[in-house]
Amino acid sequence: MTDPVTYPEPLAHPETRGIELIEASERHGRARDLFPVWAAPNVSVLNFTVGASLILLGLEIWQAILVIIAGSLPWILTGIVATSGPAAGTSGSVITRAIYGIRGNRVVVAFFGWFISAVFLALNWLASSFMGAELLAQLGFPDPVTGPVLVTIVVAGITVLVAVFGHSLILRSYPVVASVLLVVFLLVTAFALPHVQWGYAAPAPLEGGALWSAMTIGFAILASTPLSYTNSPDLARYLPETTKRSSIIAATALGGALPCMFFTAVGALLATGISAAAMDLGIESAILSLLPAWLGPVFVVGVIINTISLNGMTTYTASMAFQSIGVPIRRIPSAVVVGAIGTALTIYLVMSTSLLDAVNLMLQLLVLISGPTMAVFAVDVILRRNRYDGNDLFNEKPGSPFWYSGGWHIPGLLAVVLGAAVASLFLTNTAWTGPISAAMGFLDLSVPVSIIVTAAVYFALSPALRRGPAKTPVTQGAPA
């Protein structure tokens with residue numbers, strides 16, 4: 001019989017902890033608790049959107065399925081990075097001081113961390129805003145601007161509340177949320193599948209370079225989601241340090257990958273039964289048109305719940321980034337600031353773009369940041385054998401273990417910059433096509449290139465880590 005799970009904060013009170021080290025006595029839970037935490041935010045309408053985009057790129061159904069499977073493999077990196085949370089007992093934005101140095105980490109977190117958080121907040125709020133506005137239009141409120149803006153503001157406010165209450169609320173409520181969302185999305189799938197053209201053939205079947213271009217672009221879009229979750233240690237950091245690493249990797253990776261794979265595949269299938277004219281009105285409107293009248297509102301509510309769960313987790317982890325870079329602000333006010341930034345970006349996108357265009361473009365551009373930062377983090381975890389001293393990570397004085405050269409760790413910083421720079425040469429989308437990508441027939445190899453180059457540079461420039469660090473006893477306590 002397993003011991004009951006205990007929580008550091010009562011459910012009725014906001015979580016007061018920020019990036020502080022977590023005492024061994026406050027560690028709780030099991031690795032498998034992470035599965036629903038990652039499943040809830042990834043039972044998402046964005047999966048339908050991305051799946052549909054694969055068919056719009058010109059792929060056949062079987063080709064789209066292969067791309068979906070391949071695009072889910074980077075979830076393994078998300079799981080590897082998550083293991084550093086219990087090892088260090090603090091957030092990922094603090095652990096990366098070991099990679100970039102005390103000062104270098106401030107720059108990386110301030111720029112990369114906030115950009116990734118803002119993009120995903122906006123993309124997910126955008127989905128709920130468009131679908132909420134569609135429902136409002138059906139109820140007699142057709143204003144194409146005011147409706148989405150109002151939905152965005154309401155959903156953003158609830159999301160920030162989830163982030164304010166923090167870890168205990170997320171861990172307790174997300175299993176229920178995941179179950180509810182699974183039922184709703186399976187109902188939508190059941191009613192939409194009769195519209196699928198199982199014998200679908202692309203109007204103009206792709207061959208050669210055109211086929212590889214479409215498949216690599218689709219892969220980049222799909223892989224950008226797991227690569228963006230360098231915050232995975234934040235959700236795992238309350239686990240006991242002795243928690244089995246393989247279990248953490250499996251629970252995190254499968255929790256994110258399984259719903260993504262299934263519902264992205266459903267999105268691809270649905271696109272075969274949606275006319276081009278309906279798709280032009282937006283994937284959200286097209287899906288709603290396939291559902292019975294009673295299910296449409298239920299689906300929209302499900303999308304909004306999913307958005308709140310995903311962005312609640314994102315806002316929660318991003319709220320600790322300010323603290324990790326030295327800004328004198330507590331976690332709760334920081335969560336409010338994060339929410340305000342994401343809301344502003346969402347409102348801008350609502351008034352300037354469609355959901356499908358925004359998702360595809362921003363996810364591809366995101367790879368230039370998320371690919372290198374995820375790669376260097378995973379390599380660091382592997383090279384250090386997941387040995388992080390929590391007290392050393394909080395020692396910001398000159399001469400401290402992670403002060404390196406004036407507070408900067410050149411191998412980590414150079415690896416990320418070179419990885420992003422080289423990957424940009426292999427990227428192709430509506431905003432930018434790299435010269436190498438253009439020369440190869442518009443293949444998008446930005447994901448594998450960003451990971452390989454970043455990992456290779458960091459590995460080559462870190463001989464001390466390759467020899468293996470000595471195990472330093474971790475003494476949990478107040479940060480130095």
# chains A, B, ... in the order shown; residues from 1 in each chain; ligands from 1
$ residues_around --residues "range 418-434 of chain A" --least-positions-apart "5" --cutoff "6 Å" --atoms "only C-alpha atoms" --output "ChimeraX atom specification"
/A:368,372,444-446,449-450,453-454
$ residues_around --residues "Gly407 in chain A" --least-positions-apart "3" --cutoff "8 Å" --atoms "only C-alpha atoms" --output "MDAnalysis selection string"
chainID A and resid 101:104 398 402:404
$ write_last_selection --atoms "C-alpha atoms" --output "mmCIF file, in the first residue's frame"
data_model
loop_
_atom_site.group_PDB
_atom_site.id
_atom_site.type_symbol
_atom_site.label_atom_id
_atom_site.label_comp_id
_atom_site.auth_asym_id
_atom_site.auth_seq_id
_atom_site.Cartn_x
_atom_site.Cartn_y
_atom_site.Cartn_z
ATOM 1 C CA GLY A 101 26.521 31.089 -15.632
ATOM 2 C CA ILE A 102 24.938 33.395 -13.064
ATOM 3 C CA ARG A 103 24.890 36.467 -15.318
ATOM 4 C CA GLY A 104 24.489 34.618 -18.589
ATOM 5 C CA PRO A 398 32.024 35.890 -7.598
ATOM 6 C CA PHE A 402 28.548 28.632 -11.362
ATOM 7 C CA TRP A 403 30.215 32.029 -11.626
ATOM 8 C CA TYR A 404 32.554 30.704 -14.324
#
$ residues_around --residues "range 172-187 of chain A" --least-positions-apart "4" --cutoff "9 Å" --atoms "only C-alpha atoms" --output "count of residues only"
27
$ residues_around --residues "Asn386 in chain A" --least-positions-apart "6" --cutoff "9 Å" --atoms "only C-alpha atoms" --output "PyMOL selection string"
chain A and resi 83-84+87-88+380
$ write_last_selection --atoms "N, CA and C atoms" --output "short mmCIF file (atom, residue, chain, number, x, y, z; two decimals), in the first residue's frame"
data_model
loop_
_atom_site.label_atom_id
_atom_site.label_comp_id
_atom_site.auth_asym_id
_atom_site.auth_seq_id
_atom_site.Cartn_x
_atom_site.Cartn_y
_atom_site.Cartn_z
N THR A 83 13.85 15.65 -15.08
CA THR A 83 14.52 14.95 -13.98
C THR A 83 15.41 15.87 -13.15
N SER A 84 15.80 17.00 -13.71
CA SER A 84 16.66 17.92 -12.96
C SER A 84 15.92 18.63 -11.83
N ALA A 87 16.25 16.63 -8.65
CA ALA A 87 17.67 16.57 -8.30
C ALA A 87 18.14 17.86 -7.63
N ALA A 88 17.69 18.99 -8.16
CA ALA A 88 18.13 20.30 -7.64
C ALA A 88 17.19 20.86 -6.58
N ASP A 380 23.29 18.90 -20.80
CA ASP A 380 23.87 19.21 -19.49
C ASP A 380 23.42 18.20 -18.44
#
$ residues_around --residues "Ala415 in chain A" --least-positions-apart "6" --cutoff "12 Å" --atoms "only C-alpha atoms" --output "mmCIF file with N, CA, C and O atoms, in the first residue's frame"
data_model
loop_
_atom_site.group_PDB
_atom_site.id
_atom_site.type_symbol
_atom_site.label_atom_id
_atom_site.label_comp_id
_atom_site.auth_asym_id
_atom_site.auth_seq_id
_atom_site.Cartn_x
_atom_site.Cartn_y
_atom_site.Cartn_z
ATOM 1 N N ILE A 99 24.292 26.037 -16.702
ATOM 2 C CA ILE A 99 24.579 25.978 -18.139
ATOM 3 C C ILE A 99 25.136 27.295 -18.657
ATOM 4 O O ILE A 99 26.098 27.320 -19.441
ATOM 5 N N TYR A 100 24.555 28.417 -18.218
ATOM 6 C CA TYR A 100 24.895 29.720 -18.789
ATOM 7 C C TYR A 100 25.713 30.604 -17.856
ATOM 8 O O TYR A 100 26.193 31.662 -18.287
ATOM 9 N N ILE A 369 14.506 29.254 -30.960
ATOM 10 C CA ILE A 369 14.803 29.489 -29.549
ATOM 11 C C ILE A 369 14.679 28.197 -28.756
ATOM 12 O O ILE A 369 15.570 27.827 -27.994
ATOM 13 N N GLY A 371 14.556 24.967 -29.696
ATOM 14 C CA GLY A 371 15.428 23.856 -30.061
ATOM 15 C C GLY A 371 16.782 23.915 -29.370
ATOM 16 O O GLY A 371 17.176 22.963 -28.673
ATOM 17 N N PRO A 372 17.532 25.019 -29.502
ATOM 18 C CA PRO A 372 18.836 25.112 -28.839
ATOM 19 C C PRO A 372 18.761 25.076 -27.317
ATOM 20 O O PRO A 372 19.587 24.422 -26.670
ATOM 21 N N THR A 373 17.794 25.778 -26.712
ATOM 22 C CA THR A 373 17.729 25.810 -25.249
ATOM 23 C C THR A 373 17.358 24.443 -24.681
ATOM 24 O O THR A 373 17.853 24.043 -23.623
ATOM 25 N N MET A 374 16.475 23.712 -25.354
ATOM 26 C CA MET A 374 16.148 22.364 -24.895
ATOM 27 C C MET A 374 17.335 21.431 -25.074
ATOM 28 O O MET A 374 17.650 20.614 -24.189
ATOM 29 N N ALA A 375 18.016 21.523 -26.208
ATOM 30 C CA ALA A 375 19.139 20.630 -26.491
ATOM 31 C C ALA A 375 20.259 20.802 -25.477
ATOM 32 O O ALA A 375 20.790 19.819 -24.943
ATOM 33 N N VAL A 376 20.637 22.053 -25.185
ATOM 34 C CA VAL A 376 21.750 22.277 -24.265
ATOM 35 C C VAL A 376 21.371 21.851 -22.844
ATOM 36 O O VAL A 376 22.220 21.364 -22.076
ATOM 37 N N PHE A 377 20.105 22.025 -22.477
ATOM 38 C CA PHE A 377 19.645 21.613 -21.151
ATOM 39 C C PHE A 377 19.725 20.088 -21.023
ATOM 40 O O PHE A 377 20.235 19.555 -20.029
ATOM 41 N N VAL A 379 21.544 17.949 -22.743
ATOM 42 C CA VAL A 379 22.933 17.500 -22.762
ATOM 43 C C VAL A 379 23.598 17.759 -21.415
ATOM 44 O O VAL A 379 24.365 16.927 -20.906
ATOM 45 N N ASP A 380 23.295 18.900 -20.798
ATOM 46 C CA ASP A 380 23.871 19.210 -19.491
ATOM 47 C C ASP A 380 23.422 18.202 -18.441
ATOM 48 O O ASP A 380 24.222 17.741 -17.617
ATOM 49 N N HIS A 409 29.057 31.584 -18.712
ATOM 50 C CA HIS A 409 29.571 30.276 -19.094
ATOM 51 C C HIS A 409 29.553 30.207 -20.615
ATOM 52 O O HIS A 409 28.503 29.968 -21.234
ATOM 53 N N ALA A 421 21.648 30.237 -34.834
ATOM 54 C CA ALA A 421 22.115 30.884 -36.060
ATOM 55 C C ALA A 421 22.167 29.899 -37.224
ATOM 56 O O ALA A 421 21.694 30.195 -38.336
ATOM 57 N N VAL A 422 22.730 28.731 -36.972
ATOM 58 C CA VAL A 422 22.833 27.735 -38.043
ATOM 59 C C VAL A 422 21.449 27.221 -38.428
ATOM 60 O O VAL A 422 21.144 27.036 -39.612
ATOM 61 N N ALA A 423 20.584 27.005 -37.433
ATOM 62 C CA ALA A 423 19.235 26.509 -37.717
ATOM 63 C C ALA A 423 18.449 27.484 -38.575
ATOM 64 O O ALA A 423 17.621 27.067 -39.401
ATOM 65 N N SER A 450 19.194 22.470 -35.222
ATOM 66 C CA SER A 450 19.339 23.218 -33.967
ATOM 67 C C SER A 450 19.767 22.308 -32.829
ATOM 68 O O SER A 450 20.618 22.681 -32.006
ATOM 69 N N ILE A 451 19.211 21.104 -32.777
ATOM 70 C CA ILE A 451 19.547 20.167 -31.702
ATOM 71 C C ILE A 451 20.959 19.626 -31.865
ATOM 72 O O ILE A 451 21.755 19.609 -30.914
ATOM 73 N N ILE A 452 21.294 19.196 -33.077
ATOM 74 C CA ILE A 452 22.607 18.581 -33.324
ATOM 75 C C ILE A 452 23.733 19.591 -33.130
ATOM 76 O O ILE A 452 24.734 19.307 -32.447
ATOM 77 N N VAL A 453 23.610 20.769 -33.720
ATOM 78 C CA VAL A 453 24.673 21.778 -33.606
ATOM 79 C C VAL A 453 24.847 22.220 -32.160
ATOM 80 O O VAL A 453 25.978 22.294 -31.652
ATOM 81 N N THR A 454 23.744 22.512 -31.471
ATOM 82 C CA THR A 454 23.841 22.956 -30.083
ATOM 83 C C THR A 454 24.474 21.880 -29.210
ATOM 84 O O THR A 454 25.385 22.165 -28.409
ATOM 85 N N ALA A 455 23.998 20.647 -29.340
ATOM 86 C CA ALA A 455 24.532 19.557 -28.523
ATOM 87 C C ALA A 455 26.009 19.319 -28.806
ATOM 88 O O ALA A 455 26.807 19.109 -27.881
ATOM 89 N N ALA A 456 26.387 19.359 -30.086
ATOM 90 C CA ALA A 456 27.781 19.101 -30.460
ATOM 91 C C ALA A 456 28.708 20.182 -29.922
ATOM 92 O O ALA A 456 29.793 19.881 -29.398
ATOM 93 N N VAL A 457 28.310 21.441 -30.040
ATOM 94 C CA VAL A 457 29.147 22.544 -29.556
ATOM 95 C C VAL A 457 29.305 22.459 -28.042
ATOM 96 O O VAL A 457 30.412 22.600 -27.509
ATOM 97 N N TYR A 458 28.201 22.226 -27.330
ATOM 98 C CA TYR A 458 28.277 22.174 -25.866
ATOM 99 C C TYR A 458 29.116 20.977 -25.414
ATOM 100 O O TYR A 458 29.932 21.089 -24.489
ATOM 101 N N PHE A 459 28.940 19.861 -26.073
ATOM 102 C CA PHE A 459 29.727 18.668 -25.741
ATOM 103 C C PHE A 459 31.216 18.919 -25.979
ATOM 104 O O PHE A 459 32.055 18.587 -25.140
ATOM 105 N N ALA A 460 31.540 19.528 -27.118
ATOM 106 C CA ALA A 460 32.944 19.763 -27.464
ATOM 107 C C ALA A 460 33.612 20.757 -26.529
ATOM 108 O O ALA A 460 34.805 20.629 -26.227
ATOM 109 N N LEU A 461 32.859 21.750 -26.056
ATOM 110 C CA LEU A 461 33.440 22.807 -25.218
ATOM 111 C C LEU A 461 33.341 22.519 -23.728
ATOM 112 O O LEU A 461 33.692 23.384 -22.911
ATOM 113 N N SER A 462 32.891 21.323 -23.353
ATOM 114 C CA SER A 462 32.713 21.006 -21.928
ATOM 115 C C SER A 462 33.481 19.750 -21.539
ATOM 116 O O SER A 462 32.896 18.748 -21.102
#
$ closest_residue --among "A:Ile436, A:Gly85, A:Met261, A:Val50" --to "Ile68 in chain A" --atoms "only C-alpha atoms"
A:Met261
$ closest_residue --among "A:Val81, A:Ile287, A:Leu126, A:Ala190" --to "Ala52 in chain A" --atoms "only C-alpha atoms"
A:Ile287
$ atom_distance --atom1 "CA of Leu222 in chain A" --atom2 "CA of Arg237 in chain A"
26.6 Å
$ closest_residue --among "A:Thr90, A:Ser324, A:Thr78, A:Ser72" --to "Thr252 in chain A" --atoms "only C-alpha atoms"
A:Thr78
$ residues_around --residues "Thr317 in chain A" --least-positions-apart "6" --cutoff "12 Å" --atoms "only C-alpha atoms" --output "PyMOL selection string"
chain A and resi 17-19+90-94+109+113-114+116-118+121+160+162-164+166-167+170+229-237+310-311+323-324+331-332+334-335+338-339
$ atom_distance --atom1 "CA of Leu123 in chain A" --atom2 "CA of Phe141 in chain A"
23.2 Å
$ select_by_dssp --residues "range 280-350 of chain A" --states "alpha helix (DSSP H)" --output "PyMOL selection string"
chain A and resi 280+283-289+295-318+321-324+331-350
$ closest_residue --among "A:Ser405, A:Thr346, A:Ser400, A:Ser246" --to "Ile76 in chain A" --atoms "only C-alpha atoms"
A:Ser246
